[in-house]
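Peer 1: Dumping the structure here so I can ask a few things about it.
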Amino acid sequence: MRKIKYKKGRKIQPYNLEYTGIHKKTDSEMQLFVYDDSDLSEYQDFNVFDIEKCIDYQKTNWLNIHGLNNIDLLKKVGSYFKIDDFMLADILNTNRRTKTEEQHDVLFFNIKSLLPAGDSDNICAEQISFLIKEGVLISFQEKRSDFFTHIRERIRTHSGIVRGKKADYLLYILLDSIMENFYITLENEEDKIEELIDLTKKNAGPIILEKIEQHRDNFNFLKRAITPLRDSLYDIKSMKDDNVFNVIEDENFSFYSRLHQKSLELLEQIESDMSTLHSASDFYFSAQSHKMNEIMKTLTVVSAIFIPLTFIVGVYGMNFKYMPELEYEHGYYTVVGIMILIVLGMLFYFKKRNWF
């Protein structure tokens, strides 16, 4: 799981752009979709110098960039679309929390996409940023992935209403696709918690507590990613009431309300899962306490049995010259017999009282 780390005293200036993610070796590439209800143009391996002749502001334009190592390319894109360097810095700084920002005629939105890391208990995180202005949506991905493959196919095959809508609706379905990853990750965590609870009931070893803490960290990581997303979606939903920013059409605000509702549902489910995890932790400590009590009860029974035996041995171990039992011919066997009877009597009494 990638954790947000800040270096003390480090300052990234907006005019000194720097990519802070982990995909340092990913080459920057671009794809462009230009479409409307009746026409589609698709450009693979798109060149930044072709932007001016390929962008059609009468249609919907989706420019996708994956790989953020080529700072010069991003600067050229930012220069053409008049994107502020502060926004470019937020795109390149993957340690930033999810946020929404309006500036002039541009809406900036970034989000963390989270997915399970294979067979491990970790979570993989990737920051995806969006810039939307009149007729144009630009998406920035750290690496090539298949988050939006089905959306590209919908555009190509004219499936659904995406070709009849503008860039604000495209942003909605892209965000919705990313939020589906939260459900996948959450479901994966829930399956592992169920396995963990079953394992806790069978074998409450120290490894169980380590796994519980690992999943607790994962849920906190999910919560830290979704909480600012909820706030950002609420900000977008509230733009309709402000009546200032017109990049998003009035009829499409309801879609963002749905995303906001999804974020609330995700947070509620995370709280519920964390309660379940807390119960598993309580069960672990209860099992450990019960196991310790059983050990202490066994040791106490053994100690109680040996107390009278130790007393008898101590009495006859004294070095007095005149002890009447010492001269008795069958004294040894008598004392041993008495000791055996004491042990059996105490065992019978303890068993009758259900002390073991």
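Order determines the names: the first chain of the structure tokens is A, the second B, and so forth; residues in each chain are numbered 1 upward, and ligands are numbered 1 upward as they are shown.
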Name the residues in contact with Arg96 (chain A) at a cut-off of 9 Å, using only C-alpha atoms, excluding same-chain residues fewer than 2 positions from it; report them as an MDAnalysis selection string.
Peer 2: chainID A and resid 4 90:91 93:94 98:99 110 127
Peer 1: Neighbouring residues of region 57-68 of chain A were defined as those with any atom within 6 Å, considering only C-alpha atoms; residues of the same chain fewer than 5 positions away were excluded. Please report them as a list of chain:residue names.
Peer 2: A:Thr26, A:Asp27, A:Ser28, A:Glu29, A:Met30, A:Gln31, A:Leu32, A:Phe33, A:Val34, A:Tyr35, A:Asp36, A:Gly135, A:Val136, A:Leu137, A:Ile138, A:Ser139, A:Phe140, A:Gln141, A:Glu142, A:Lys143, A:Arg144, A:Lys166, A:Ala167
Peer 1: Which parts of region 23-180 of chain A does DSSP call strand (DSSP E) when run on the backbone here, written out as a ChimeraX atom specification?
Peer 2: /A:29-35,40-43,60-66,99-103,106-116,123-133,136-141
Peer 1: Compare A:Lys297, A:Lys53, A:Arg216, A:Arg224 by their minimum atom-to-atom distance to Asn354 (chain A), counting only C-alpha atoms, and give me the closest one.
Peer 2: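 For Asn354 (chain A), the nearest of the candidates is A:Lys297.
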Peer 1: Could you check how far CA of Ile312 (chain A) sits from CA of Ile340 (chain A), in Å to one decimal?
Peer 2: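 Distance reported for this atom pair: 11.8 Å.
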Peer 1: Mind checking which residues fall within 9 Å of Ile270 (chain A), counting only C-alpha atoms, ignoring those fewer than 6 positions away in the same chain, and posting them as a list in words?
Peer 2: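 Residues meeting the cut-off are Leu186, Phe219, Asn220, Leu222 and Lys223 of chain A.
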Peer 1: Which is closest to Asn95 (chain A) among A:Tyr19, A:Phe348, A:Tyr43, A:Phe320, if we use only C-alpha atoms?
Peer 2: A:Tyr19
Peer 1: Taking only C-alpha atoms into account, which of A:Ser257, A:Gln214, A:Thr185, A:Ser79 comes nearest Leu277 (chain A)?
Peer 2: A:Gln214
Peer 1: Please provide the set of residues having any atom within 10 Å of Tyr80 (chain A), restricted to only C-alpha atoms, with same-chain residues fewer than 2 positions apart removed, written as JSON, numbers by chain.
Peer 2: {"A": [48, 49, 51, 52, 74, 75, 76, 77, 78, 82, 83]}
Peer 1: Could you check which of A:Tyr172, A:Phe86, A:Phe350, A:Tyr183 is closest to Leu115 (chain A), using only C-alpha atoms?
Peer 2: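 That would be A:Tyr183, the residue with the smallest distance to Leu115 (chain A).
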